[in-house]
$ cat structure-v4.txt   # compact mmCIF, C-alpha atoms (C1' of nucleotides)
# COMPACT_ATOMS: atom_id res chain seq x y z
CA MET A 14 -9.34 -16.30 -24.51
CA TRP A 15 -6.58 -15.38 -22.79
CA SER A 16 -5.94 -11.75 -22.97
CA VAL A 17 -8.18 -8.76 -23.01
CA ARG A 18 -10.25 -8.28 -26.09
CA ALA A 19 -8.86 -5.73 -28.50
CA ASP A 20 -11.83 -3.38 -28.40
CA ALA A 21 -11.74 -3.37 -24.60
CA ARG A 22 -8.10 -2.40 -24.51
CA ARG A 23 -8.66 0.31 -27.09
CA ASN A 24 -11.57 1.74 -25.14
CA ARG A 25 -9.70 1.70 -21.87
CA ASP A 26 -6.79 3.58 -23.35
CA ARG A 27 -8.99 6.15 -24.98
CA ILE A 28 -10.98 6.70 -21.78
CA VAL A 29 -7.85 7.36 -19.76
CA GLU A 30 -6.47 9.72 -22.35
CA ILE A 31 -9.67 11.73 -22.66
CA ALA A 32 -10.23 11.73 -18.91
CA ARG A 33 -6.72 13.03 -18.29
CA ALA A 34 -7.37 16.03 -20.51
CA LEU A 35 -10.74 16.72 -18.91
CA PHE A 36 -9.52 16.39 -15.34
CA LYS A 37 -6.52 18.56 -16.04
CA ASP A 38 -8.79 21.18 -17.49
CA LYS A 39 -11.62 21.20 -14.98
CA GLY A 40 -10.42 19.35 -11.90
CA PHE A 41 -11.77 16.20 -10.31
CA THR A 42 -15.13 17.53 -9.18
CA GLY A 43 -15.57 19.63 -12.30
CA VAL A 44 -15.92 16.61 -14.57
CA SER A 45 -18.78 14.13 -14.47
CA MET A 46 -18.49 10.51 -15.42
CA ASP A 47 -21.18 11.01 -18.03
CA GLU A 48 -19.05 13.72 -19.57
CA VAL A 49 -16.06 11.41 -19.74
CA ALA A 50 -18.16 8.65 -21.27
CA LYS A 51 -19.62 10.93 -23.93
CA ALA A 52 -16.26 12.50 -24.76
CA ALA A 53 -14.69 9.07 -25.08
CA GLY A 54 -17.58 7.83 -27.21
CA VAL A 55 -18.56 4.98 -24.92
CA GLY A 56 -21.59 4.23 -22.76
CA ALA A 57 -21.68 4.69 -19.03
CA GLY A 58 -21.70 0.93 -18.55
CA THR A 59 -18.47 0.56 -20.46
CA LEU A 60 -16.82 3.31 -18.48
CA TYR A 61 -17.79 1.70 -15.19
CA ARG A 62 -16.77 -1.73 -16.40
CA HIS A 63 -13.23 -0.44 -16.78
CA PHE A 64 -13.19 1.80 -13.71
CA PRO A 65 -15.55 0.84 -10.91
CA THR A 66 -15.51 4.30 -9.35
CA LYS A 67 -14.64 7.81 -10.39
CA GLU A 68 -11.66 7.75 -8.05
CA ALA A 69 -10.37 4.57 -9.67
CA LEU A 70 -10.42 6.39 -12.99
CA TYR A 71 -8.56 9.30 -11.45
CA ASP A 72 -5.98 6.90 -10.12
CA ALA A 73 -5.38 5.58 -13.62
CA VAL A 74 -5.15 9.12 -14.95
CA LEU A 75 -2.42 9.97 -12.45
CA GLU A 76 -0.45 6.86 -13.32
CA ALA A 77 2.58 8.64 -14.76
CA TRP A 78 2.75 10.78 -11.67
CA THR A 79 4.50 8.20 -9.52
CA ASP A 80 7.54 8.10 -11.76
CA LYS A 81 7.85 11.83 -11.61
CA VAL A 82 7.79 11.79 -7.83
CA LYS A 83 10.72 9.42 -7.78
CA ALA A 84 12.65 11.59 -10.24
CA ALA A 85 11.99 14.73 -8.22
CA VAL A 86 13.27 13.32 -4.97
CA ASP A 87 16.34 11.92 -6.71
CA ARG A 88 17.11 15.29 -8.18
CA ALA A 89 16.67 17.17 -4.92
CA LEU A 90 18.82 14.79 -2.90
CA GLY A 91 21.54 15.05 -5.54
CA LEU A 92 21.78 18.81 -5.21
CA ASP A 93 24.75 20.50 -3.65
CA GLY A 94 23.41 22.42 -0.70
CA SER A 95 22.07 22.34 2.81
CA ALA A 96 19.41 19.96 4.03
CA ARG A 97 16.99 22.86 4.05
CA GLU A 98 17.67 23.65 0.41
CA LYS A 99 17.14 20.05 -0.56
CA LEU A 100 13.87 19.92 1.32
CA VAL A 101 12.60 23.11 -0.24
CA SER A 102 13.51 21.89 -3.71
CA TRP A 103 11.79 18.55 -3.25
CA PHE A 104 8.70 19.99 -1.64
CA GLY A 105 8.42 22.59 -4.36
CA ASP A 106 8.68 19.95 -7.05
CA TYR A 107 6.08 17.84 -5.33
CA VAL A 108 3.58 20.69 -5.22
CA ASP A 109 4.33 21.51 -8.85
CA LEU A 110 3.73 17.92 -9.88
CA LEU A 111 0.19 18.18 -8.58
CA ASN A 112 -0.30 21.58 -10.05
CA GLY A 113 -2.89 21.52 -12.77
CA HIS A 114 -4.56 18.45 -11.31
CA LYS A 115 -7.11 20.30 -9.24
CA GLY A 116 -8.19 18.19 -6.31
CA ALA A 117 -5.43 15.63 -6.57
CA ALA A 118 -3.33 16.93 -3.69
CA ALA A 119 -6.16 16.78 -1.20
CA ARG A 120 -7.21 13.33 -2.34
CA ILE A 121 -3.76 11.84 -2.09
CA THR A 122 -3.01 13.49 1.24
CA LEU A 123 -6.25 12.34 2.80
CA ALA A 124 -5.66 8.83 1.50
CA LEU A 125 -2.31 8.61 3.29
CA GLY A 126 -3.57 6.53 6.18
CA ASP A 127 -6.29 4.63 4.35
CA PRO A 128 -5.37 1.17 3.02
CA ASP A 129 -8.66 0.91 1.13
CA SER A 130 -8.24 4.05 -0.92
CA PRO A 131 -7.79 3.69 -4.68
CA PHE A 132 -4.71 5.84 -4.26
CA VAL A 133 -2.71 3.42 -2.12
CA ALA A 134 -0.07 3.00 -4.80
CA LYS A 135 0.45 6.75 -4.99
CA CYS A 136 0.57 7.07 -1.23
CA THR A 137 3.11 4.32 -0.90
CA ARG A 138 5.31 5.94 -3.48
CA TYR A 139 5.02 9.33 -1.84
CA LEU A 140 5.68 7.99 1.63
CA GLY A 141 8.64 6.06 0.26
CA ALA A 142 10.05 9.22 -1.25
CA ASN A 143 9.91 11.00 2.08
CA GLN A 144 11.40 7.99 3.80
CA ARG A 145 14.36 8.26 1.45
CA VAL A 146 14.68 11.90 2.41
CA ILE A 147 14.81 10.93 6.07
CA ASP A 148 17.31 8.17 5.39
CA GLU A 149 19.65 10.50 3.53
CA LEU A 150 19.28 13.67 5.54
CA GLY A 151 18.66 11.93 8.85
CA PRO A 152 20.95 13.72 11.29
CA ALA A 153 20.13 17.11 9.85
CA LEU A 154 16.43 16.67 10.55
CA ARG A 155 14.35 17.09 13.65
CA PRO A 156 14.75 13.90 15.67
CA GLY A 157 11.88 11.46 15.58
CA VAL A 158 10.29 12.87 12.47
CA SER A 159 8.45 10.32 10.32
CA ALA A 160 7.80 9.99 6.60
CA MET A 161 4.09 10.09 7.34
CA GLU A 162 4.44 13.37 9.15
CA ILE A 163 6.42 15.02 6.38
CA SER A 164 4.03 13.65 3.79
CA ARG A 165 1.04 15.03 5.63
CA LEU A 166 2.59 18.44 6.21
CA VAL A 167 3.68 18.94 2.62
CA GLY A 168 0.49 17.36 1.32
CA ALA A 169 -1.58 19.71 3.44
CA VAL A 170 0.26 22.70 2.03
CA ALA A 171 -0.17 21.34 -1.49
CA ALA A 172 -3.88 20.83 -0.93
CA VAL A 173 -4.45 24.35 0.32
CA ALA A 174 -2.29 25.80 -2.43
CA ASP A 175 -4.31 23.88 -5.00
CA ALA A 176 -7.75 24.65 -3.62
CA SER A 177 -7.03 28.33 -3.08
CA ALA A 178 -5.05 28.68 -6.30
CA LEU A 179 -2.06 30.21 -4.53
CA GLY A 180 0.82 31.71 -6.44
CA PRO A 181 4.34 30.25 -6.45
CA ASP A 182 5.63 32.80 -3.97
CA GLU A 183 2.99 32.05 -1.39
CA VAL A 184 3.56 28.33 -1.76
CA ALA A 185 7.34 28.70 -1.52
CA SER A 186 6.99 30.74 1.63
CA MET A 187 4.79 28.16 3.32
CA LEU A 188 7.09 25.34 2.29
CA GLY A 189 9.98 27.37 3.71
CA VAL A 190 8.25 27.43 7.09
CA VAL A 191 7.73 23.68 7.01
CA ALA A 192 11.31 23.04 5.91
CA ASP A 193 12.66 25.25 8.68
CA GLY A 194 10.51 23.43 11.18
CA LEU A 195 11.80 20.10 9.95
CA VAL A 196 15.49 20.98 10.20
CA ALA A 197 15.13 22.76 13.54
CA ALA A 198 16.89 21.07 16.40
CA MET B 4 -45.17 42.76 14.62
CA TRP B 5 -42.13 44.35 13.80
CA SER B 6 -39.63 41.68 13.36
CA VAL B 7 -39.81 38.06 12.45
CA ARG B 8 -42.93 36.05 12.99
CA ALA B 9 -42.89 33.88 16.10
CA ASP B 10 -43.21 30.56 14.28
CA ALA B 11 -40.37 31.51 11.95
CA ARG B 12 -38.07 32.34 14.82
CA ARG B 13 -38.99 29.14 16.62
CA ASN B 14 -38.34 27.06 13.52
CA ARG B 15 -35.03 28.74 12.83
CA ASP B 16 -33.80 28.08 16.34
CA ARG B 17 -34.91 24.48 16.29
CA ILE B 18 -33.29 23.89 12.90
CA VAL B 19 -29.94 25.23 14.07
CA GLU B 20 -30.07 23.21 17.26
CA ILE B 21 -30.94 19.96 15.51
CA ALA B 22 -28.46 20.59 12.70
CA ARG B 23 -25.66 21.21 15.18
CA ALA B 24 -26.24 17.82 16.77
CA LEU B 25 -26.41 16.07 13.39
CA PHE B 26 -23.32 17.76 11.95
CA LYS B 27 -21.34 17.10 15.11
CA ASP B 28 -22.29 13.46 14.90
CA LYS B 29 -21.86 12.77 11.20
CA GLY B 30 -19.88 15.64 9.73
CA PHE B 31 -20.85 18.10 7.04
CA THR B 32 -21.05 15.69 4.13
CA GLY B 33 -22.59 12.95 6.23
CA VAL B 34 -25.82 14.84 6.77
CA SER B 35 -28.33 15.69 4.05
CA MET B 36 -30.57 18.72 4.10
CA ASP B 37 -33.58 16.44 3.89
CA GLU B 38 -32.40 14.71 7.01
CA VAL B 39 -32.11 18.02 8.85
CA ALA B 40 -35.56 19.08 7.66
CA LYS B 41 -37.19 15.83 8.76
CA ALA B 42 -35.41 15.80 12.12
CA ALA B 43 -36.45 19.39 12.75
CA GLY B 44 -40.02 18.62 11.67
CA VAL B 45 -40.13 21.18 8.87
CA GLY B 46 -40.41 20.98 5.11
CA ALA B 47 -37.48 21.42 2.77
CA GLY B 48 -38.87 24.75 1.63
CA THR B 49 -38.86 26.08 5.17
CA LEU B 50 -35.33 24.94 5.74
CA TYR B 51 -34.12 26.67 2.58
CA ARG B 52 -36.10 29.79 3.37
CA HIS B 53 -34.02 30.19 6.53
CA PHE B 54 -30.71 29.02 5.07
CA PRO B 55 -30.28 29.44 1.33
CA THR B 56 -27.50 26.84 1.11
CA LYS B 57 -26.22 23.98 3.18
CA GLU B 58 -23.07 25.95 3.89
CA ALA B 59 -25.09 28.88 5.19
CA LEU B 60 -26.71 26.51 7.64
CA TYR B 61 -23.30 25.22 8.67
CA ASP B 62 -22.16 28.77 9.21
CA ALA B 63 -25.06 29.35 11.60
CA VAL B 64 -24.27 26.11 13.39
CA LEU B 65 -20.69 27.22 13.99
CA GLU B 66 -21.81 30.60 15.30
CA ALA B 67 -20.51 30.14 18.84
CA TRP B 68 -17.16 29.13 17.45
CA THR B 69 -15.91 32.64 16.78
CA ASP B 70 -16.10 33.63 20.43
CA LYS B 71 -14.10 30.60 21.41
CA VAL B 72 -11.38 31.50 18.91
CA LYS B 73 -10.98 34.86 20.50
CA ALA B 74 -10.83 33.36 23.98
CA ALA B 75 -8.22 30.82 22.90
CA VAL B 76 -5.85 33.37 21.45
CA ASP B 77 -6.26 35.58 24.50
CA ARG B 78 -5.40 32.72 26.77
CA ALA B 79 -2.36 31.65 24.76
CA LEU B 80 -0.92 35.15 24.52
CA GLY B 81 -1.38 35.59 28.25
CA LEU B 82 0.72 32.54 29.09
CA ASP B 83 4.14 32.83 30.66
CA GLY B 84 6.51 31.25 28.22
CA SER B 85 8.39 31.49 24.97
CA ALA B 86 6.89 32.58 21.69
CA ARG B 87 7.01 28.97 20.55
CA GLU B 88 5.05 27.78 23.56
CA LYS B 89 2.41 30.41 22.98
CA LEU B 90 2.11 29.42 19.33
CA VAL B 91 1.80 25.74 20.14
CA SER B 92 -0.85 26.42 22.75
CA TRP B 93 -2.92 28.61 20.45
CA PHE B 94 -2.60 26.30 17.46
CA GLY B 95 -3.54 23.31 19.57
CA ASP B 96 -6.60 25.08 20.91
CA TYR B 97 -7.60 26.07 17.41
CA VAL B 98 -7.46 22.51 16.15
CA ASP B 99 -9.36 21.33 19.21
CA LEU B 100 -12.06 23.89 18.61
CA LEU B 101 -12.75 22.33 15.23
CA ASN B 102 -12.49 18.85 16.57
CA GLY B 103 -15.80 17.08 16.40
CA HIS B 104 -16.98 19.26 13.54
CA LYS B 105 -15.88 16.97 10.76
CA GLY B 106 -15.25 18.94 7.63
CA ALA B 107 -15.26 22.37 9.24
CA ALA B 108 -11.49 22.88 9.24
CA ALA B 109 -11.15 22.27 5.52
CA ARG B 110 -14.11 24.48 4.70
CA ILE B 111 -12.91 27.42 6.76
CA THR B 112 -9.33 27.09 5.55
CA LEU B 113 -10.32 26.94 1.90
CA ALA B 114 -12.61 29.92 2.38
CA LEU B 115 -9.72 32.08 3.64
CA GLY B 116 -9.21 33.93 0.40
CA ASP B 117 -12.79 33.88 -0.85
CA PRO B 118 -14.88 36.97 -0.11
CA ASP B 119 -18.05 35.25 -1.36
CA SER B 120 -17.88 32.29 0.97
CA PRO B 121 -20.59 31.97 3.63
CA PHE B 122 -17.75 31.62 6.11
CA VAL B 123 -16.30 35.11 5.66
CA ALA B 124 -17.16 36.08 9.22
CA LYS B 125 -15.31 33.06 10.57
CA CYS B 126 -12.33 33.70 8.31
CA THR B 127 -12.11 37.31 9.35
CA ARG B 128 -12.15 36.33 12.97
CA TYR B 129 -9.53 33.67 12.49
CA LEU B 130 -7.27 35.94 10.45
CA GLY B 131 -7.72 38.65 13.06
CA ALA B 132 -6.65 36.24 15.77
CA ASN B 133 -3.45 35.41 13.93
CA GLN B 134 -2.84 39.09 13.25
CA ARG B 135 -2.97 39.67 16.99
CA VAL B 136 -0.41 36.91 17.43
CA ILE B 137 1.87 38.64 14.96
CA ASP B 138 1.35 42.02 16.61
CA GLU B 139 2.22 40.68 20.03
CA LEU B 140 4.98 38.25 19.20
CA GLY B 141 6.30 40.20 16.23
CA PRO B 142 10.06 40.28 16.77
CA ALA B 143 10.18 36.66 17.85
CA LEU B 144 8.62 35.48 14.59
CA ARG B 145 10.06 34.88 11.18
CA PRO B 146 10.27 38.24 9.44
CA GLY B 147 7.66 38.99 6.83
CA VAL B 148 5.22 36.34 7.97
CA SER B 149 1.56 37.20 7.43
CA ALA B 150 -1.64 36.33 9.26
CA MET B 151 -2.90 34.70 6.08
CA GLU B 152 0.13 32.45 5.92
CA ILE B 153 -0.16 31.32 9.52
CA SER B 154 -3.88 30.81 9.12
CA ARG B 155 -3.38 28.65 6.05
CA LEU B 156 -0.60 26.57 7.59
CA VAL B 157 -2.45 25.84 10.80
CA GLY B 158 -5.72 25.43 8.95
CA ALA B 159 -4.11 22.94 6.61
CA VAL B 160 -2.85 20.89 9.53
CA ALA B 161 -6.27 21.07 11.16
CA ALA B 162 -7.94 19.92 7.95
CA VAL B 163 -5.68 16.92 7.54
CA ALA B 164 -5.95 16.05 11.22
CA ASP B 165 -9.71 16.17 10.94
CA ALA B 166 -10.06 14.24 7.72
CA SER B 167 -7.60 11.53 8.73
CA ALA B 168 -8.83 11.43 12.33
CA LEU B 169 -5.33 11.91 13.73
CA GLY B 170 -4.60 11.51 17.41
CA PRO B 171 -3.55 14.39 19.67
CA ASP B 172 0.11 13.36 19.61
CA GLU B 173 0.32 13.38 15.84
CA VAL B 174 -1.39 16.75 15.66
CA ALA B 175 0.85 18.23 18.37
CA SER B 176 3.91 17.02 16.56
CA MET B 177 2.86 18.61 13.27
CA LEU B 178 1.95 21.85 14.97
CA GLY B 179 5.35 21.78 16.64
CA VAL B 180 7.01 21.68 13.23
CA VAL B 181 4.96 24.64 12.04
CA ALA B 182 5.63 26.60 15.24
CA ASP B 183 9.36 25.94 14.95
CA GLY B 184 9.28 27.09 11.36
CA LEU B 185 7.49 30.27 12.35
CA VAL B 186 9.90 31.26 15.10
CA ALA B 187 13.00 30.32 13.12
CA ALA B 188 15.16 33.25 12.24
C1' DT C 28 -63.49 38.65 12.94
C1' DG C 29 -61.46 39.38 8.76
C1' DC C 30 -57.51 40.37 6.16
C1' DC C 31 -52.92 39.66 4.03
C1' DA C 32 -48.04 39.50 4.19
C1' DA C 33 -45.17 36.14 5.85
C1' DA C 34 -44.08 31.52 6.49
C1' DC C 35 -45.03 26.77 5.59
C1' DG C 36 -44.73 21.92 3.25
C1' DG C 37 -43.50 18.88 -0.06
C1' DA C 38 -43.49 17.55 -4.91
C1' DG C 39 -40.24 17.66 -8.25
C1' DA C 40 -36.38 19.71 -11.29
C1' DG C 41 -31.78 18.99 -12.29
C1' DC C 42 -27.48 16.86 -11.70
C1' DG C 43 -24.46 13.44 -9.78
C1' DT C 44 -22.64 8.38 -9.31
C1' DC C 45 -23.31 3.95 -10.32
C1' DT C 46 -26.22 -0.60 -11.84
C1' DC C 47 -28.71 -3.73 -14.71
C1' DC C 48 -29.55 -6.20 -18.57
C1' DG C 49 -30.57 -6.89 -23.38
C1' DT C 50 -27.58 -6.51 -27.53
C1' DA C 51 -23.37 -6.74 -30.30
C1' DT C 52 -18.97 -8.56 -31.29
C1' DA C 53 -14.00 -10.51 -30.93
C1' DG C 54 -11.86 -14.51 -31.13
C1' DT C 55 -11.97 -19.53 -31.21
C1' DT C 56 -13.30 -23.86 -33.15
C1' DC C 57 -14.54 -26.90 -36.77
C1' DG D 4 -16.17 -19.04 -43.56
C1' DA D 5 -19.85 -20.24 -40.39
C1' DA D 6 -21.29 -21.18 -35.91
C1' DC D 7 -20.64 -20.47 -31.20
C1' DT D 8 -19.72 -18.31 -26.63
C1' DA D 9 -17.42 -15.57 -23.40
C1' DT D 10 -16.60 -10.89 -23.22
C1' DA D 11 -17.61 -6.24 -23.83
C1' DC D 12 -20.88 -2.76 -25.11
C1' DG D 13 -24.73 1.01 -24.59
C1' DG D 14 -27.92 3.54 -22.33
C1' DA D 15 -32.13 3.66 -19.58
C1' DG D 16 -32.95 4.30 -15.09
C1' DA D 17 -32.41 3.67 -9.78
C1' DC D 18 -31.08 6.29 -6.10
C1' DG D 19 -29.53 10.26 -3.49
C1' DC D 20 -28.22 14.90 -3.32
C1' DT D 21 -29.08 20.20 -3.29
C1' DC D 22 -32.17 23.45 -4.14
C1' DT D 23 -36.83 25.67 -6.33
C1' DC D 24 -41.57 26.54 -7.08
C1' DC D 25 -46.02 27.25 -5.79
C1' DG D 26 -50.43 26.27 -3.66
C1' DT D 27 -51.79 26.32 1.25
C1' DT D 28 -51.73 27.83 6.01
C1' DT D 29 -51.16 31.02 9.73
C1' DG D 30 -49.51 34.83 12.86
C1' DG D 31 -50.42 39.37 14.00
C1' DC D 32 -52.81 43.69 13.18
C1' DA D 33 -57.04 46.60 12.25
$ encode --input "structure-v4.txt" --output "structure tokens"
Amino acid sequence: MWSVRADARRNRDRIVEIARALFKDKGFTGVSMDEVAKAAGVGAGTLYRHFPTKEALYDAVLEAWTDKVKAAVDRALGLDGSAREKLVSWFGDYVDLLNGHKGAAARITLALGDPDSPFVAKCTRYLGANQRVIDELGPALRPGVSAMEISRLVGAVAAVADASALGPDEVASMLGVVADGLVAA
Amino acid sequence: MWSVRADARRNRDRIVEIARALFKDKGFTGVSMDEVAKAAGVGAGTLYRHFPTKEALYDAVLEAWTDKVKAAVDRALGLDGSAREKLVSWFGDYVDLLNGHKGAAARITLALGDPDSPFVAKCTRYLGANQRVIDELGPALRPGVSAMEISRLVGAVAAVADASALGPDEVASMLGVVADGLVAA
DNA sequence: TGCCAAACGGAGAGCGTCTCCGTATAGTTC
DNA sequence: GAACTATACGGAGACGCTCTCCGTTTGGCA
């Protein structure tokens, strides 16, 4: 036997699909693994066979997210406008992408320096996106700024916005402060 | 007797003292209530009689903190220097004040908009401190900025710095970005 | 000294993540 | 199509957490 058994593949797919809906609805901490298992019609053992931890499951749920991050940074960098406008657009998109996934922003941001986190792939993608921003906007940005620093700053804003359920205006204003700070000489 | 029974008072004091040491050492999530109870030599019921939730206990542990916040903002505003320098000094002190209390920054920052949080007193004090900054530095700051916004931005940086165990240089750099953004026209 | 409200201790309820292991089955082999 | 085996399944339950309930003890006053 060579590939994965058919029932296993079917179960895995269904678990991810169901879990995505539940997490989106209630947030990471608002959903229990038992709940996911029951909703997906599998036993706890099966769930944990596919995803060794709850965070690993969440990582799978956020799979599509990485592509969207790439698209957002592409779009922002392609805009006609100042460096500040590009930053604000990209940051805003990033926060929006995590909107509706309660708890995701904090988890990804806190995983930024941790090579053992289940979210490494997401972190790498996110850091890479900000590195591209630095590469393209370089001279317009504060000298010496790093992708890690930008990622942490914007991630921190996203996490607070998420946890405190801030409105778009409040988020935009905070991102404006960060963007201004990043383009300041 | 009029007020609290002597044994109750004694127990309360000992619990807070022991809990402070434990939380400082292992962080909020790293200490269980059972552990606090055992270390303080009381039963779980006694512990919960004095502090109805774990967060209420944490609030009591961070009691002295509020005075230090006030002192820090006083000191920073009294400095000779630019608005930016005053901001950086105050923000740095704020982050330092939460240093060593793993988990405190995130909890206080996320409680900023929540009137039911056990940390309301701390939030009020912190917001008040940033309001004083706005009152004194007013014209030098970005127009329309609010104490809530500053509190959230700096709190977000503090939370990430705490959770990712960032070094002083990394924190200073991030706070510099925020300060620049806040003084930008 | 006796009384009783106040405070105490700790068993255990309830909920969470995650593990273990006996059972069922997909897919191969003859 | 029947037998066989590696793979996957289900769910009881271990373990740890916050917090509650209630029978027992005790501080402080009459």
$ closest_atom_pairs --input "structure-v4.txt" --of "chain A" --to "chain C" --cutoff "12 Å" --atoms "all atoms listed in the file" --output "tab-separated table"
residue	atom	partner	partner_atom	distance
A:Met14	CA	C:DG54	C1'	7.3
A:Trp15	CA	C:DG54	C1'	9.9
A:Ser16	CA	C:DG54	C1'	10.5
A:Val17	CA	C:DA53	C1'	10.0
A:Arg18	CA	C:DA53	C1'	6.5
A:Ala19	CA	C:DA53	C1'	7.4
A:Asp20	CA	C:DA53	C1'	7.9
A:Ala21	CA	C:DA53	C1'	9.8
A:Arg22	CA	C:DA53	C1'	11.9
A:Thr42	CA	C:DG43	C1'	10.2
A:Gly43	CA	C:DG43	C1'	11.1
A:Val44	CA	C:DG43	C1'	10.3
A:Ser45	CA	C:DG43	C1'	7.4
A:Met46	CA	C:DT44	C1'	7.7
A:Asp47	CA	C:DG43	C1'	9.2
A:Glu48	CA	C:DG43	C1'	11.2
A:Ala57	CA	C:DC45	C1'	8.9
A:Gly58	CA	C:DT46	C1'	8.2
A:Thr59	CA	C:DT46	C1'	11.6
A:Leu60	CA	C:DC45	C1'	10.4
A:Tyr61	CA	C:DC45	C1'	7.7
A:Arg62	CA	C:DT46	C1'	10.6
A:Phe64	CA	C:DC45	C1'	10.9
A:Pro65	CA	C:DC45	C1'	8.4
A:Thr66	CA	C:DC45	C1'	7.9
A:Lys67	CA	C:DT44	C1'	8.1
A:Glu68	CA	C:DT44	C1'	11.1
$ residues_around --input "structure-v4.txt" --residues "B:Asp77" --least-positions-apart "4" --cutoff "9 Å" --atoms "only C-alpha atoms (C1' of nucleotides)" --output "mmCIF file with C-alpha atoms, keeping the file's coordinate frame"
data_model
loop_
_atom_site.group_PDB
_atom_site.id
_atom_site.type_symbol
_atom_site.label_atom_id
_atom_site.label_comp_id
_atom_site.auth_asym_id
_atom_site.auth_seq_id
_atom_site.Cartn_x
_atom_site.Cartn_y
_atom_site.Cartn_z
ATOM 1 C CA VAL B 72 -11.380 31.500 18.910
ATOM 2 C CA LYS B 73 -10.980 34.860 20.500
ATOM 3 C CA GLY B 81 -1.380 35.590 28.250
ATOM 4 C CA LEU B 82 0.720 32.540 29.090
ATOM 5 C CA TRP B 93 -2.920 28.610 20.450
ATOM 6 C CA ALA B 132 -6.650 36.240 15.770
#
$ interface_residues --input "structure-v4.txt" --of "chain D" --to "chain B" --cutoff "10 Å" --atoms "all atoms listed in the file" --output "list in words"
DG19, DC20, DT21, DC22, DT23, DC24, DT29, DG30, DG31 and DC32 of chain D
$ interface_residues --input "structure-v4.txt" --of "chain A" --to "chain B" --cutoff "12 Å" --atoms "only C-alpha atoms" --output "number ranges by chain"
A: 97, 118-127, 154-179, 182-198
$ write_last_selection --input "structure-v4.txt" --atoms "C-alpha atoms" --output "tab-separated table (two decimals), keeping the file's coordinate frame"
chain	number	residue	atom	x	y	z
A	97	ARG	CA	16.99	22.86	4.05
A	118	ALA	CA	-3.33	16.93	-3.69
A	119	ALA	CA	-6.16	16.78	-1.20
A	120	ARG	CA	-7.21	13.33	-2.34
A	121	ILE	CA	-3.76	11.84	-2.09
A	122	THR	CA	-3.01	13.49	1.24
A	123	LEU	CA	-6.25	12.34	2.80
A	124	ALA	CA	-5.66	8.83	1.50
A	125	LEU	CA	-2.31	8.61	3.29
A	126	GLY	CA	-3.57	6.53	6.18
A	127	ASP	CA	-6.29	4.63	4.35
A	154	LEU	CA	16.43	16.67	10.55
A	155	ARG	CA	14.35	17.09	13.65
A	156	PRO	CA	14.75	13.90	15.67
A	157	GLY	CA	11.88	11.46	15.58
A	158	VAL	CA	10.29	12.87	12.47
A	159	SER	CA	8.45	10.32	10.32
A	160	ALA	CA	7.80	9.99	6.60
A	161	MET	CA	4.09	10.09	7.34
A	162	GLU	CA	4.44	13.37	9.15
A	163	ILE	CA	6.42	15.02	6.38
A	164	SER	CA	4.03	13.65	3.79
A	165	ARG	CA	1.04	15.03	5.63
A	166	LEU	CA	2.59	18.44	6.21
A	167	VAL	CA	3.68	18.94	2.62
A	168	GLY	CA	0.49	17.36	1.32
A	169	ALA	CA	-1.58	19.71	3.44
A	170	VAL	CA	0.26	22.70	2.03
A	171	ALA	CA	-0.17	21.34	-1.49
A	172	ALA	CA	-3.88	20.83	-0.93
A	173	VAL	CA	-4.45	24.35	0.32
A	174	ALA	CA	-2.29	25.80	-2.43
A	175	ASP	CA	-4.31	23.88	-5.00
A	176	ALA	CA	-7.75	24.65	-3.62
A	177	SER	CA	-7.03	28.33	-3.08
A	178	ALA	CA	-5.05	28.68	-6.30
A	179	LEU	CA	-2.06	30.21	-4.53
A	182	ASP	CA	5.63	32.80	-3.97
A	183	GLU	CA	2.99	32.05	-1.39
A	184	VAL	CA	3.56	28.33	-1.76
A	185	ALA	CA	7.34	28.70	-1.52
A	186	SER	CA	6.99	30.74	1.63
A	187	MET	CA	4.79	28.16	3.32
A	188	LEU	CA	7.09	25.34	2.29
A	189	GLY	CA	9.98	27.37	3.71
A	190	VAL	CA	8.25	27.43	7.09
A	191	VAL	CA	7.73	23.68	7.01
A	192	ALA	CA	11.31	23.04	5.91
A	193	ASP	CA	12.66	25.25	8.68
A	194	GLY	CA	10.51	23.43	11.18
A	195	LEU	CA	11.80	20.10	9.95
A	196	VAL	CA	15.49	20.98	10.20
A	197	ALA	CA	15.13	22.76	13.54
A	198	ALA	CA	16.89	21.07	16.40
$ closest_residue --input "structure-v4.txt" --among "A:Val74, A:Ala84, A:Ala134, A:Ala96" --to "A:Ala153" --atoms "only C-alpha atoms"
A:Ala96
$ atom_distance --input "structure-v4.txt" --atom1 "atom CA of B:Ala40" --atom2 "atom CA of B:Ala22"
8.8 Å
$ closest_residue --input "structure-v4.txt" --among "A:Asn24, A:Asn143, A:Asn112, A:Thr137" --to "A:Thr79" --atoms "all atoms listed in the file"
A:Thr137
$ atom_distance --input "structure-v4.txt" --atom1 "atom CA of A:Val101" --atom2 "atom CA of A:Asp72"
26.6 Å
$ residues_around --input "structure-v4.txt" --residues "A:Gly40" --least-positions-apart "2" --cutoff "10 Å" --atoms "only C-alpha atoms (C1' of nucleotides)" --output "tab-separated table (two decimals) with C-alpha atoms, keeping the file's coordinate frame"
chain	number	residue	atom	x	y	z
A	33	ARG	CA	-6.72	13.03	-18.29
A	34	ALA	CA	-7.37	16.03	-20.51
A	35	LEU	CA	-10.74	16.72	-18.91
A	36	PHE	CA	-9.52	16.39	-15.34
A	37	LYS	CA	-6.52	18.56	-16.04
A	38	ASP	CA	-8.79	21.18	-17.49
A	42	THR	CA	-15.13	17.53	-9.18
A	43	GLY	CA	-15.57	19.63	-12.30
A	44	VAL	CA	-15.92	16.61	-14.57
A	113	GLY	CA	-2.89	21.52	-12.77
A	114	HIS	CA	-4.56	18.45	-11.31
A	115	LYS	CA	-7.11	20.30	-9.24
A	116	GLY	CA	-8.19	18.19	-6.31
A	117	ALA	CA	-5.43	15.63	-6.57
